[in-house]
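The block underneath contains the structure these notes are about, expressed in C-alpha cells.
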Amino acid sequence: MVSRVLEMWKQVGQESINVPNLLTLTRILLIPVFVLLFTTPAPDRSIVAAIVFVTASLTDWLDGYLARRSGQVTKLGKLLDPIADKLLVLSALILLVNVDRVSALVAILIIAREVAVTGIRAIAATEGMIIAAELTGKYKMVLQVVAIVLLILEGTAAEALGNLHLAGMATLYFSLVLSYVSGARYVWSFWKQVAAKGL
C-alpha cells in the first residue's frame, strides 16, 4: 500500500516539473515577500509591495496560458493554482484591513465567497463532477487585483494620479458584486449536476 502511494506521488512529481507549475510556486513564494513589505506600509515599501503583487498576479495569467498552450496541465497545477490565487488576494485584503484601507466586512464577504466556492468545487470533484471556471469569476479576479494595487499605492507618489482610495474601493465593490454573481452560477451548476445524478 505504502509503495503504491509513493509510486503515485513520484509519478505526479515527474509530470508536474514544468514551467507553468514553477511559475505557480513562484507566486506562492512571492506572497511572504509581499507580506513583509506591506506589513509596515511606508511609501517606498508600498510601491515595492505593489510591484511584487502585480508580478505575482501576472504569473497567474502566464502559468495558465503556458500550461494550455504546451499541453502541460497537471493535477498538481490544478491543485496549486487556485490555492496560490486565493492566498495572494486574501493576504493582501487582510493586510489592507489591518491598515484601515478596507473594511473588515468587505474582506469577510470576499473570503466567505472564496471558501464557499472552493468547498463546492472540492465536493463536486469527489463526486466526479466538473464545474467549469466562470468567465465572470475571471473578471472578478482582474478587478480584485486592480483594486488591491490602487489601495496599496494609497499614500505614495502615485496619489498624484487621483484619489486612489476612492478608485480602489469602487473597483473592489464592483468585484464583490461579480464575485457573488459568479458564486451563484457555481452553486447553480453544482445543483443541476447533483439533481441529474440523483444525489
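Just so we're on the same page: first chain in the C-alpha cells is A, next is B, and so on; residues restart at 1 for each chain, and ligands are numbered from 1 in the order they show up.
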
Next on the checklist: Could you list, as a PyMOL selection string, every residue within 8 Å of stretch 22-32 of chain A, counting only C-alpha atoms and ignoring same-chain residues fewer than 2 positions away?
Outcome noted: chain A and resi 17-20+34-36+52-53+56-57+59-60+62-63+77+80-81+84+87-88+91

Please dump the current selection as a compact mmCIF listing (two decimals), in the first residue's frame; keep all heavy atoms.
# COMPACT_ATOMS: atom_id res chain seq x y z
N ILE A 17 6.87 18.73 -12.91
CA ILE A 17 8.02 19.61 -13.01
C ILE A 17 8.02 20.26 -14.39
O ILE A 17 8.54 19.70 -15.35
CB ILE A 17 9.34 18.85 -12.76
CG1 ILE A 17 9.33 18.23 -11.36
CG2 ILE A 17 10.54 19.78 -12.91
CD1 ILE A 17 10.50 17.32 -11.09
N ASN A 18 7.38 21.41 -14.49
CA ASN A 18 7.32 22.14 -15.75
C ASN A 18 7.25 23.63 -15.46
O ASN A 18 7.10 24.05 -14.30
CB ASN A 18 6.13 21.68 -16.61
CG ASN A 18 4.80 21.82 -15.89
OD1 ASN A 18 4.57 22.80 -15.19
ND2 ASN A 18 3.92 20.86 -16.06
N VAL A 19 7.38 24.43 -16.50
CA VAL A 19 7.43 25.89 -16.33
C VAL A 19 6.15 26.46 -15.70
O VAL A 19 6.22 27.28 -14.78
CB VAL A 19 7.73 26.58 -17.68
CG1 VAL A 19 7.63 28.10 -17.55
CG2 VAL A 19 9.13 26.20 -18.16
N PRO A 20 4.94 26.04 -16.16
CA PRO A 20 3.73 26.59 -15.54
C PRO A 20 3.66 26.35 -14.04
O PRO A 20 3.32 27.27 -13.27
CB PRO A 20 2.60 25.85 -16.27
CG PRO A 20 3.18 25.51 -17.60
CD PRO A 20 4.61 25.20 -17.33
N PHE A 34 5.73 39.86 -0.28
CA PHE A 34 4.74 40.94 -0.30
C PHE A 34 4.28 41.28 1.11
O PHE A 34 4.19 42.47 1.48
CB PHE A 34 3.54 40.52 -1.17
CG PHE A 34 2.33 41.38 -0.96
CD1 PHE A 34 2.29 42.67 -1.44
CD2 PHE A 34 1.23 40.89 -0.25
CE1 PHE A 34 1.18 43.47 -1.24
CE2 PHE A 34 0.12 41.68 -0.04
CZ PHE A 34 0.09 42.98 -0.52
N VAL A 35 3.99 40.26 1.90
CA VAL A 35 3.51 40.47 3.27
C VAL A 35 4.54 41.23 4.10
O VAL A 35 4.21 42.17 4.82
CB VAL A 35 3.16 39.12 3.94
CG1 VAL A 35 2.91 39.29 5.43
CG2 VAL A 35 1.93 38.51 3.28
N LEU A 36 5.80 40.83 4.00
CA LEU A 36 6.87 41.51 4.75
C LEU A 36 6.99 42.98 4.35
O LEU A 36 7.20 43.85 5.20
CB LEU A 36 8.20 40.79 4.53
CG LEU A 36 8.38 39.46 5.26
CD1 LEU A 36 9.65 38.76 4.80
CD2 LEU A 36 8.40 39.67 6.77
N VAL A 52 5.64 43.78 -6.44
CA VAL A 52 5.68 42.34 -6.13
C VAL A 52 4.30 41.72 -6.34
O VAL A 52 4.17 40.64 -6.92
CB VAL A 52 6.17 42.10 -4.68
CG1 VAL A 52 6.01 40.63 -4.29
CG2 VAL A 52 7.63 42.52 -4.54
N PHE A 53 3.27 42.43 -5.88
CA PHE A 53 1.90 41.92 -6.02
C PHE A 53 1.51 41.79 -7.48
O PHE A 53 0.93 40.78 -7.89
CB PHE A 53 0.91 42.84 -5.29
CG PHE A 53 -0.50 42.33 -5.28
CD1 PHE A 53 -0.92 41.42 -4.32
CD2 PHE A 53 -1.41 42.73 -6.24
CE1 PHE A 53 -2.21 40.92 -4.32
CE2 PHE A 53 -2.70 42.25 -6.26
CZ PHE A 53 -3.11 41.34 -5.29
N ALA A 56 3.39 38.86 -9.05
CA ALA A 56 2.78 37.59 -8.65
C ALA A 56 1.47 37.36 -9.39
O ALA A 56 1.18 36.24 -9.84
CB ALA A 56 2.55 37.58 -7.14
N SER A 57 0.68 38.41 -9.55
CA SER A 57 -0.61 38.29 -10.25
C SER A 57 -0.41 37.94 -11.72
O SER A 57 -1.18 37.16 -12.29
CB SER A 57 -1.40 39.60 -10.14
OG SER A 57 -1.65 39.92 -8.79
N THR A 59 1.95 36.15 -12.98
CA THR A 59 2.31 34.73 -13.11
C THR A 59 1.06 33.86 -13.18
O THR A 59 1.10 32.78 -13.76
CB THR A 59 3.21 34.25 -11.96
OG1 THR A 59 2.47 34.29 -10.72
CG2 THR A 59 4.48 35.06 -11.84
N ASP A 60 -0.04 34.35 -12.60
CA ASP A 60 -1.31 33.61 -12.65
C ASP A 60 -1.78 33.48 -14.09
O ASP A 60 -2.17 32.40 -14.54
CB ASP A 60 -2.36 34.31 -11.79
CG ASP A 60 -3.71 33.61 -11.84
OD1 ASP A 60 -3.74 32.38 -12.00
OD2 ASP A 60 -4.74 34.30 -11.73
N LEU A 62 0.13 33.96 -16.80
CA LEU A 62 1.16 33.33 -17.61
C LEU A 62 1.21 31.83 -17.43
O LEU A 62 1.34 31.09 -18.42
CB LEU A 62 2.53 33.95 -17.27
CG LEU A 62 3.70 33.54 -18.15
CD1 LEU A 62 3.43 33.88 -19.62
CD2 LEU A 62 4.99 34.22 -17.68
N ASP A 63 1.08 31.34 -16.18
CA ASP A 63 1.17 29.88 -15.98
C ASP A 63 0.00 29.16 -16.65
O ASP A 63 0.17 28.11 -17.26
CB ASP A 63 1.32 29.51 -14.50
CG ASP A 63 0.12 29.88 -13.64
OD1 ASP A 63 -0.95 30.19 -14.18
OD2 ASP A 63 0.27 29.87 -12.40
N GLY A 77 -0.80 21.21 -10.79
CA GLY A 77 -1.10 22.56 -11.23
C GLY A 77 -2.54 22.94 -10.94
O GLY A 77 -2.83 24.05 -10.48
N LEU A 80 -2.61 23.54 -7.11
CA LEU A 80 -1.87 24.67 -6.57
C LEU A 80 -2.33 26.02 -7.10
O LEU A 80 -2.31 27.01 -6.37
CB LEU A 80 -0.38 24.51 -6.87
CG LEU A 80 0.39 23.46 -6.07
CD1 LEU A 80 1.86 23.48 -6.48
CD2 LEU A 80 0.26 23.71 -4.58
N ASP A 81 -2.74 26.09 -8.37
CA ASP A 81 -3.06 27.37 -8.99
C ASP A 81 -4.16 28.14 -8.25
O ASP A 81 -3.95 29.30 -7.87
CB ASP A 81 -3.43 27.16 -10.46
CG ASP A 81 -3.55 28.50 -11.20
OD1 ASP A 81 -2.56 29.23 -11.25
OD2 ASP A 81 -4.65 28.79 -11.69
N ALA A 84 -2.90 29.25 -4.79
CA ALA A 84 -1.97 30.39 -4.87
C ALA A 84 -2.74 31.69 -5.08
O ALA A 84 -2.43 32.71 -4.45
CB ALA A 84 -0.98 30.16 -6.01
N LEU A 87 -4.51 32.65 -1.77
CA LEU A 87 -3.55 33.09 -0.75
C LEU A 87 -3.06 34.50 -1.04
O LEU A 87 -2.93 35.32 -0.13
CB LEU A 87 -2.36 32.12 -0.71
CG LEU A 87 -2.58 30.78 -0.03
CD1 LEU A 87 -1.35 29.88 -0.20
CD2 LEU A 87 -2.90 30.95 1.45
N LEU A 88 -2.80 34.79 -2.31
CA LEU A 88 -2.30 36.11 -2.69
C LEU A 88 -3.32 37.20 -2.41
O LEU A 88 -3.03 38.19 -1.73
CB LEU A 88 -1.91 36.10 -4.18
CG LEU A 88 -1.37 37.42 -4.75
CD1 LEU A 88 -0.05 37.79 -4.07
CD2 LEU A 88 -1.20 37.32 -6.25
N SER A 91 -4.35 37.41 1.44
CA SER A 91 -3.27 38.01 2.24
C SER A 91 -3.29 39.53 2.10
O SER A 91 -3.18 40.27 3.08
CB SER A 91 -1.91 37.47 1.80
OG SER A 91 -1.81 36.09 2.03

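For the residues A:Ala50, A:Val102, A:Leu135, A:Ala147, ranking by smallest atom-to-atom distance to A:Phe174 using only C-alpha atoms places A:Ala147 first.
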
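Using only C-alpha atoms, the shortest contact distance between A:Thr171 and any of A:Ala107, A:Leu151, A:Arg68, A:Thr40 is found at A:Leu151.
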
Checklist entry - With only C-alpha atoms as the atoms that count, which of A:Leu178, A:Val146, A:Val33, A:Ala160 lies nearest to A:Val48? => result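 Among the listed residues, A:Val33 lies closest to A:Val48.
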
Item to check | Distance criterion (only C-alpha atoms): nearest to A:Tyr173 out of A:Arg185, A:Arg121, A:Arg113, A:Lys140 | outcome: A:Lys140

Next on the checklist: As an exercise, work out the distance from atom CA of A:Pro43 to atom CA of A:Gly155 in Å and give it to one decimal place.
Outcome noted: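 These atoms are spaced 6.3 Å apart.
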
Next on the checklist: Residues of stretch 16-154 of chain A classed as helix (DSSP H, G or I) by DSSP on the backbone are to be reported as a ChimeraX atom specification.
Outcome noted: /A:16,19-38,43-70,75-98,104-126,135-152
